[in-house]
file my_file-v4.txt (compact mmCIF, C-alpha atoms)
# COMPACT_ATOMS: atom_id res chain seq x y z
CA MET A 18 -120.62 -107.58 54.18
CA GLU A 19 -123.96 -108.35 55.70
CA LEU A 20 -126.75 -109.96 53.68
CA LEU A 21 -130.24 -109.22 55.01
CA VAL A 22 -132.23 -112.37 54.27
CA ASP A 23 -135.63 -110.76 54.94
CA ARG A 24 -135.07 -108.24 52.12
CA LEU A 25 -134.44 -110.87 49.45
CA THR A 26 -137.20 -111.93 47.09
CA GLU A 27 -137.38 -114.21 44.07
CA ASP A 28 -136.35 -111.23 41.93
CA PRO A 29 -132.55 -110.91 42.02
CA SER A 30 -131.09 -107.96 43.88
CA GLU A 31 -127.90 -106.43 42.51
CA LEU A 32 -125.33 -106.02 45.28
CA GLU A 33 -121.80 -104.65 45.38
CA PHE A 34 -119.11 -104.59 48.00
CA THR A 35 -115.57 -103.21 48.00
CA GLY A 36 -113.06 -104.50 50.53
CA SER A 37 -109.81 -102.85 51.56
CA ALA A 38 -106.49 -104.48 52.37
CA ASP A 39 -107.31 -104.22 56.09
CA TRP A 40 -110.68 -105.90 55.53
CA LEU A 41 -109.04 -108.78 53.61
CA ALA A 42 -106.30 -109.24 56.21
CA SER A 43 -108.78 -109.31 59.09
CA CYS A 44 -111.11 -111.81 57.36
CA ALA A 45 -108.25 -114.08 56.35
CA GLY A 46 -106.41 -113.74 59.63
CA ASP A 47 -103.32 -113.27 57.43
CA PRO A 48 -101.72 -109.81 57.26
CA ALA A 49 -99.59 -110.90 54.26
CA LEU A 50 -102.70 -111.37 52.12
CA GLY A 51 -103.84 -107.83 52.89
CA LYS A 52 -100.37 -106.42 52.18
CA ALA A 53 -100.29 -108.15 48.77
CA LEU A 54 -103.57 -106.49 47.71
CA ALA A 55 -102.67 -103.74 45.23
CA THR A 56 -106.20 -102.49 44.49
CA PRO A 57 -109.35 -102.77 46.59
CA VAL A 58 -111.18 -106.03 45.97
CA HIS A 59 -114.55 -105.45 44.35
CA PHE A 60 -117.46 -107.91 44.51
CA SER A 61 -120.50 -107.64 42.24
CA PHE A 62 -123.25 -110.20 42.65
CA ARG A 63 -126.93 -110.97 42.46
CA ALA A 64 -128.79 -112.47 45.40
CA HIS A 65 -132.29 -113.88 45.54
CA CYS A 66 -134.48 -116.54 47.14
CA MET A 67 -135.31 -119.85 45.51
CA ARG A 68 -138.13 -121.13 47.70
CA GLU A 69 -136.48 -121.24 51.16
CA ASN A 70 -132.91 -121.32 49.78
CA LEU A 71 -130.67 -118.32 49.12
CA TYR A 72 -128.79 -118.03 45.84
CA LEU A 73 -125.80 -115.74 45.19
CA GLU A 74 -123.89 -115.46 41.94
CA GLY A 75 -121.25 -112.95 40.90
CA PHE A 76 -117.56 -112.28 40.60
CA ALA A 77 -114.65 -110.77 42.49
CA GLU A 78 -112.05 -108.46 40.94
CA ALA A 79 -108.75 -107.24 42.35
CA GLU A 80 -105.04 -106.96 41.65
CA PHE A 81 -102.29 -108.38 43.85
CA ASP A 82 -98.55 -107.67 44.05
CA LEU A 83 -96.95 -111.13 44.16
CA GLY A 84 -93.43 -112.57 43.96
CA CYS A 85 -92.71 -114.92 41.07
CA GLY A 86 -91.97 -118.47 42.22
CA ARG A 87 -89.19 -118.84 39.61
CA CYS A 88 -87.32 -115.52 39.35
CA LEU A 89 -88.50 -113.87 42.62
CA GLU A 90 -89.40 -110.62 40.81
CA ARG A 91 -92.48 -108.74 41.98
CA TYR A 92 -95.34 -108.55 39.49
CA ARG A 93 -98.99 -107.50 39.34
CA GLN A 94 -101.52 -110.38 39.25
CA PRO A 95 -105.05 -109.46 38.12
CA VAL A 96 -107.83 -111.61 39.58
CA ARG A 97 -111.35 -111.99 38.24
CA GLU A 98 -113.04 -114.92 39.91
CA PRO A 99 -116.66 -115.96 39.39
CA PHE A 100 -118.52 -117.48 42.32
CA ARG A 101 -121.85 -119.08 43.10
CA LEU A 102 -123.33 -119.97 46.48
CA VAL A 103 -126.53 -121.83 47.37
CA LEU A 104 -127.52 -121.73 51.04
CA GLU A 105 -130.15 -123.96 52.63
CA PRO A 106 -131.82 -123.08 55.92
CA ALA A 107 -129.95 -124.84 58.73
CA GLY A 108 -133.10 -125.53 60.72
CA ALA A 109 -132.17 -127.60 63.77
CA ARG A 110 -129.03 -129.03 62.10
CA VAL A 111 -125.74 -128.43 63.83
CA PRO A 112 -122.42 -128.87 61.99
CA ALA A 113 -120.41 -131.85 63.19
CA ASP A 114 -117.10 -129.97 63.30
CA PRO A 115 -116.51 -127.27 65.95
CA GLU A 116 -115.31 -124.72 63.36
CA GLY A 117 -118.54 -125.10 61.38
CA ALA A 118 -120.64 -124.66 64.52
CA LEU A 119 -118.64 -121.54 65.43
CA ALA A 120 -119.05 -120.11 61.90
CA LEU A 121 -122.82 -120.73 61.98
CA ALA A 122 -123.11 -118.97 65.33
CA ARG A 123 -120.76 -116.09 64.37
CA ASP A 124 -121.73 -115.49 60.72
CA GLY A 125 -125.11 -117.20 60.40
CA LEU A 126 -123.42 -119.21 57.66
CA VAL A 127 -121.44 -122.44 57.37
CA LEU A 128 -119.90 -123.54 54.06
CA SER A 129 -119.60 -127.06 52.73
CA GLU A 130 -116.33 -128.46 51.38
CA GLU A 131 -117.18 -127.38 47.81
CA LEU A 132 -117.44 -123.67 48.74
CA GLU A 133 -120.55 -123.43 46.54
CA ALA A 134 -123.06 -124.64 49.09
CA GLY A 135 -123.81 -124.31 52.76
CA TRP A 136 -126.39 -123.56 55.42
CA PHE A 137 -127.64 -120.32 56.89
CA ARG A 138 -129.49 -119.44 60.05
CA GLY A 139 -131.16 -116.19 61.03
CA SER A 140 -132.14 -113.06 59.16
CA GLU A 141 -128.59 -111.71 58.76
CA VAL A 142 -125.75 -113.57 57.10
CA GLN A 143 -122.16 -112.30 57.27
CA LEU A 144 -120.47 -112.97 53.92
CA ASP A 145 -116.99 -111.67 54.80
CA HIS A 146 -115.36 -115.07 55.34
CA PHE A 147 -117.01 -116.54 52.24
CA LEU A 148 -115.82 -113.61 50.09
CA GLN A 149 -112.29 -113.99 51.48
CA GLU A 150 -112.38 -117.68 50.52
CA VAL A 151 -113.35 -116.70 46.97
CA ILE A 152 -110.28 -114.45 46.74
CA ALA A 153 -107.97 -117.04 48.32
CA ALA A 154 -109.15 -119.69 45.84
CA ALA A 155 -108.49 -117.32 42.92
CA LEU A 156 -104.83 -116.70 43.79
CA PRO A 157 -102.29 -118.95 42.09
CA GLN A 158 -100.69 -121.71 44.18
CA LYS A 159 -97.33 -121.02 42.52
CA PRO A 160 -97.24 -117.41 41.33
CA LEU A 161 -95.48 -116.89 37.97
CA CYS A 162 -94.73 -113.50 36.43
CA ARG A 163 -95.26 -115.18 33.06
CA GLU A 164 -95.57 -118.76 31.86
CA GLU A 165 -92.22 -118.75 30.02
CA CYS A 166 -90.24 -117.33 32.99
CA ALA A 167 -86.76 -118.94 32.96
CA GLY A 168 -86.19 -118.40 36.68
CA LEU A 169 -82.91 -118.18 38.58
CA CYS A 170 -79.79 -120.25 37.88
CA PRO A 171 -79.50 -122.78 40.74
CA SER A 172 -75.67 -122.50 40.65
CA CYS A 173 -74.86 -118.78 40.40
CA GLY A 174 -78.29 -117.24 41.09
CA ILE A 175 -78.55 -114.88 38.10
CA ASP A 176 -81.95 -114.11 36.65
CA ARG A 177 -82.09 -116.11 33.41
CA ASN A 178 -84.73 -113.72 32.06
CA VAL A 179 -82.16 -110.90 32.05
CA GLU A 180 -78.84 -112.58 31.26
CA SER A 181 -77.33 -115.99 30.67
CA CYS A 182 -74.53 -117.83 32.43
CA ASP A 183 -72.07 -120.61 31.65
CA CYS A 184 -73.14 -122.81 34.56
CA ARG A 185 -73.76 -126.43 33.71
CA GLU A 186 -76.97 -127.78 35.05
CA GLU A 187 -76.57 -131.22 36.46
CA GLN A 188 -79.45 -133.49 35.61
CA PRO A 189 -80.98 -134.86 38.77
CA GLN A 190 -80.05 -138.47 39.34
CA SER A 191 -82.88 -140.91 38.91
CA PRO A 192 -84.49 -141.94 42.19
CA PHE A 193 -83.88 -145.51 41.04
CA ALA A 194 -80.10 -145.04 40.66
CA ALA A 195 -79.57 -146.36 44.20
CA LEU A 196 -81.51 -149.50 43.28
CA ALA A 197 -79.33 -150.03 40.19
CA GLY A 198 -76.23 -149.87 42.41
CA LEU A 199 -77.80 -152.35 44.83
CA ARG A 200 -78.64 -154.68 41.95
CA ASP A 201 -75.04 -154.52 40.71
CA ARG A 202 -73.67 -155.34 44.19
CA LEU A 203 -76.08 -158.28 44.61
CA THR A 204 -75.19 -159.63 41.18
CA ALA A 205 -71.47 -159.35 42.03
CA LYS A 206 -71.97 -161.22 45.35
CA GLU A 207 -73.88 -163.99 43.57
CA GLY A 208 -71.00 -164.32 41.08
CA GLU A 209 -68.45 -164.59 43.94
CA SER A 210 -70.42 -167.29 45.78
CA LYS A 211 -70.56 -169.58 42.72
call {"tool": "encode", "arguments": {"input": "my_file-v4.txt", "output": "structure tokens"}}
result
Amino acid sequence: MELLVDRLTEDPSELEFTGSADWLASCAGDPALGKALATPVHFSFRAHCMRENLYLEGFAEAEFDLGCGRCLERYRQPVREPFRLVLEPAGARVPADPEGALALARDGLVLSEELEAGWFRGSEVQLDHFLQEVIAAALPQKPLCREECAGLCPSCGIDRNVESCDCREEQPQSPFAALAGLRDRLTAKEGESK
């Protein structure tokens, strides 16, 4: 998605963009992200100038086919992620990191750590990598088909959402159990030396 800076005014322009699975995979450099996309990703946003700065605000919508982190079942994850971006003119500034310098040269845009601010240079700004970052930030770190998912039994492997088992779950030993044993041995040695 290319943003033409010269066409923006102080009055917001309504913009839309729809990205395919191939588009998402190529932006992310991750084919798995594109394969997980179940519906095209749709971006709706407003863009305008605020003095010399550019301001974008909108949201991204899509659905992804993900695997639950507890039961491993596939499920559909809807995503609706709002975003905001304020870009300052880069002027003569050059990003300190090589990746930022490459992004500024390639896209006319370099993002800050917060993903809501950055610099731009030139009359055309490529938003593809920014939009991909919006989608990546919206996806769950640990996908769950539902909050109350019981997951798989660690002993026999059955799906606890479907059936139950008679396996006994061992409680994990405290990480301090080894210290308690050490304390007991030291106390015993002190008793022997007296």
call {"tool": "residues_around", "arguments": {"input": "my_file-v4.txt", "residues": "Asp23 in chain A", "least_positions_apart": "6", "cutoff": "10 Å", "atoms": "all atoms listed in the file", "output": "number ranges by chain"}}
result
A: 66, 139-141
call {"tool": "closest_residue", "arguments": {"input": "my_file-v4.txt", "among": "A:Arg68, A:Val111, A:Leu54, A:Cys184", "to": "Glu80 in chain A", "atoms": "all atoms listed in the file"}}
result
A:Leu54
call {"tool": "atom_distance", "arguments": {"input": "my_file-v4.txt", "atom1": "CA of Trp136 in chain A", "atom2": "CA of Asp124 in chain A"}}
result
10.7 Å
call {"tool": "residues_around", "arguments": {"input": "my_file-v4.txt", "residues": "Asp114 in chain A", "least_positions_apart": "6", "cutoff": "12 Å", "atoms": "only C-alpha atoms", "output": "count of residues only"}}
result
5
call {"tool": "atom_distance", "arguments": {"input": "my_file-v4.txt", "atom1": "CA of Ala79 in chain A", "atom2": "CA of Ser30 in chain A"}}
result
22.4 Å
call {"tool": "atom_distance", "arguments": {"input": "my_file-v4.txt", "atom1": "CA of Thr35 in chain A", "atom2": "CA of Glu19 in chain A"}}
result
12.5 Å
call {"tool": "axis_aligned_box", "arguments": {"input": "my_file-v4.txt", "around": "range 23-38 of chain A", "padding_each_side": "6 Å", "output": "AutoDock Vina command-line options"}}
result
--center_x -121.9 --center_y -108.5 --center_z 48.4 --size_x 42.9 --size_y 23.4 --size_z 25.0
call {"tool": "residues_around", "arguments": {"input": "my_file-v4.txt", "residues": "His65 in chain A", "least_positions_apart": "4", "cutoff": "6 Å", "atoms": "all atoms listed in the file", "output": "list in words"}}
result
Leu25, Thr26, Glu27, Pro29, Leu71 and Tyr72 of chain A
call {"tool": "residues_around", "arguments": {"input": "my_file-v4.txt", "residues": "range 165-176 of chain A", "least_positions_apart": "5", "cutoff": "9 Å", "atoms": "all atoms listed in the file", "output": "list in words"}}
result
Cys85, Gly86, Arg87, Cys88, Leu89, Ser181, Cys182, Cys184, Arg185 and Glu186 of chain A
call {"tool": "residues_around", "arguments": {"input": "my_file-v4.txt", "residues": "Ala42 in chain A", "least_positions_apart": "6", "cutoff": "6 Å", "atoms": "only C-alpha atoms", "output": "short mmCIF file (atom, residue, chain, number, x, y, z; two decimals) with C-alpha atoms, in the coordinates of the input"}}
result
data_model
loop_
_atom_site.label_atom_id
_atom_site.label_comp_id
_atom_site.auth_asym_id
_atom_site.auth_seq_id
_atom_site.Cartn_x
_atom_site.Cartn_y
_atom_site.Cartn_z
CA PRO A 48 -101.72 -109.81 57.26
CA LEU A 50 -102.70 -111.37 52.12
CA GLY A 51 -103.84 -107.83 52.89
#
call {"tool": "closest_residue", "arguments": {"input": "my_file-v4.txt", "among": "A:Leu148, A:Ala197, A:Val96, A:Val22", "to": "Asp82 in chain A", "atoms": "only C-alpha atoms"}}
result
A:Val96
call {"tool": "closest_residue", "arguments": {"input": "my_file-v4.txt", "among": "A:Leu119, A:Ala53, A:Cys44, A:Leu102", "to": "Gly84 in chain A", "atoms": "only C-alpha atoms"}}
result
A:Ala53
call {"tool": "closest_residue", "arguments": {"input": "my_file-v4.txt", "among": "A:Cys162, A:Leu132, A:Ala64, A:Ala205", "to": "Gln149 in chain A", "atoms": "all atoms listed in the file"}}
result
A:Leu132
call {"tool": "closest_residue", "arguments": {"input": "my_file-v4.txt", "among": "A:Phe81, A:Phe193, A:Glu150, A:Arg138", "to": "Ala109 in chain A", "atoms": "all atoms listed in the file"}}
result
A:Arg138
call {"tool": "closest_residue", "arguments": {"input": "my_file-v4.txt", "among": "A:Leu73, A:Val58, A:Ala122, A:Val151", "to": "Glu31 in chain A", "atoms": "all atoms listed in the file"}}
result
A:Leu73
call {"tool": "decode", "arguments": {"input": "my_file-v4.txt", "residues": "range 48-149 of chain A", "atoms": "C-alpha atoms", "output": "CSV table (one decimal), in the first residue's frame"}}
result
chain,number,residue,atom,x,y,z
A,48,PRO,CA,4.9,-18.0,4.7
A,49,ALA,CA,3.2,-19.5,7.8
A,50,LEU,CA,1.5,-16.2,8.6
A,51,GLY,CA,0.1,-16.0,5.1
A,52,LYS,CA,-1.1,-19.6,5.3
A,53,ALA,CA,-2.9,-19.0,8.6
A,54,LEU,CA,-4.9,-16.1,7.1
A,55,ALA,CA,-8.5,-17.4,6.6
A,56,THR,CA,-10.0,-14.2,5.1
A,57,PRO,CA,-8.3,-11.3,3.4
A,58,VAL,CA,-7.1,-8.7,5.8
A,59,HIS,CA,-8.9,-5.4,5.4
A,60,PHE,CA,-7.5,-2.0,6.5
A,61,SER,CA,-9.7,1.1,6.8
A,62,PHE,CA,-8.1,4.3,7.9
A,63,ARG,CA,-8.0,8.1,7.7
A,64,ALA,CA,-4.8,9.9,6.8
A,65,HIS,CA,-4.1,13.6,6.9
A,66,CYS,CA,-1.4,16.2,7.5
A,67,MET,CA,-0.9,18.0,10.8
A,68,ARG,CA,1.5,20.8,9.9
A,69,GLU,CA,4.4,18.9,8.4
A,70,ASN,CA,3.6,15.6,10.2
A,71,LEU,CA,1.4,12.8,8.8
A,72,TYR,CA,-1.3,11.2,10.9
A,73,LEU,CA,-3.0,7.8,10.2
A,74,GLU,CA,-5.7,6.2,12.3
A,75,GLY,CA,-7.8,3.2,11.6
A,76,PHE,CA,-8.2,-0.5,12.2
A,77,ALA,CA,-7.4,-3.9,10.6
A,78,GLU,CA,-9.8,-6.8,10.4
A,79,ALA,CA,-9.2,-10.4,9.4
A,80,GLU,CA,-9.7,-14.0,10.5
A,81,PHE,CA,-6.9,-16.5,11.1
A,82,ASP,CA,-7.0,-20.3,11.4
A,83,LEU,CA,-4.8,-21.0,14.4
A,84,GLY,CA,-3.9,-24.1,16.5
A,85,CYS,CA,-4.9,-23.9,20.2
A,86,GLY,CA,-1.9,-23.9,22.5
A,87,ARG,CA,-3.6,-26.2,25.0
A,88,CYS,CA,-5.7,-28.8,23.0
A,89,LEU,CA,-4.0,-28.4,19.6
A,90,GLU,CA,-7.4,-28.1,17.8
A,91,ARG,CA,-7.7,-25.7,14.9
A,92,TYR,CA,-10.0,-22.7,15.4
A,93,ARG,CA,-10.9,-19.5,13.8
A,94,GLN,CA,-9.5,-16.3,15.5
A,95,PRO,CA,-11.2,-13.0,14.5
A,96,VAL,CA,-8.9,-10.0,14.6
A,97,ARG,CA,-10.0,-6.3,14.8
A,98,GLU,CA,-7.0,-4.2,15.8
A,99,PRO,CA,-7.1,-0.4,16.0
A,100,PHE,CA,-3.9,1.5,15.0
A,101,ARG,CA,-2.5,5.0,15.0
A,102,LEU,CA,0.6,6.3,13.4
A,103,VAL,CA,2.3,9.8,13.5
A,104,LEU,CA,5.1,10.3,11.1
A,105,GLU,CA,7.6,13.3,11.3
A,106,PRO,CA,9.7,14.3,8.4
A,107,ALA,CA,13.1,12.7,8.6
A,108,GLY,CA,14.9,15.7,7.2
A,109,ALA,CA,18.6,15.0,7.4
A,110,ARG,CA,18.3,12.4,10.2
A,111,VAL,CA,19.5,9.0,9.6
A,112,PRO,CA,18.5,6.0,11.8
A,113,ALA,CA,21.3,4.7,14.0
A,114,ASP,CA,20.5,1.0,13.3
A,115,PRO,CA,21.1,-0.4,9.8
A,116,GLU,CA,17.6,-2.0,9.6
A,117,GLY,CA,16.0,1.4,10.2
A,118,ALA,CA,18.2,3.1,7.5
A,119,LEU,CA,17.3,0.3,5.1
A,120,ALA,CA,13.6,0.7,5.8
A,121,LEU,CA,13.8,4.5,5.3
A,122,ALA,CA,15.5,4.0,2.0
A,123,ARG,CA,13.2,1.2,0.9
A,124,ASP,CA,9.8,2.3,2.2
A,125,GLY,CA,10.3,6.0,2.9
A,126,LEU,CA,9.3,5.1,6.4
A,127,VAL,CA,11.1,4.0,9.6
A,128,LEU,CA,9.1,3.1,12.8
A,129,SER,CA,10.0,3.8,16.3
A,130,GLU,CA,9.9,1.1,19.0
A,131,GLU,CA,6.3,2.0,20.0
A,132,LEU,CA,5.0,1.3,16.5
A,133,GLU,CA,2.8,4.5,16.8
A,134,ALA,CA,5.5,6.9,15.6
A,135,GLY,CA,8.2,7.2,13.1
A,136,TRP,CA,9.8,9.3,10.4
A,137,PHE,CA,9.1,9.5,6.7
A,138,ARG,CA,11.1,10.8,3.7
A,139,GLY,CA,9.9,11.6,0.2
A,140,SER,CA,6.5,11.9,-1.4
A,141,GLU,CA,5.6,8.2,-1.4
A,142,VAL,CA,5.5,6.1,1.7
A,143,GLN,CA,5.1,2.3,1.6
A,144,LEU,CA,2.9,1.2,4.4
A,145,ASP,CA,3.1,-2.6,3.8
A,146,HIS,CA,5.5,-3.4,6.5
A,147,PHE,CA,3.8,-1.2,9.0
A,148,LEU,CA,0.4,-2.8,8.3
A,149,GLN,CA,1.9,-6.3,8.6
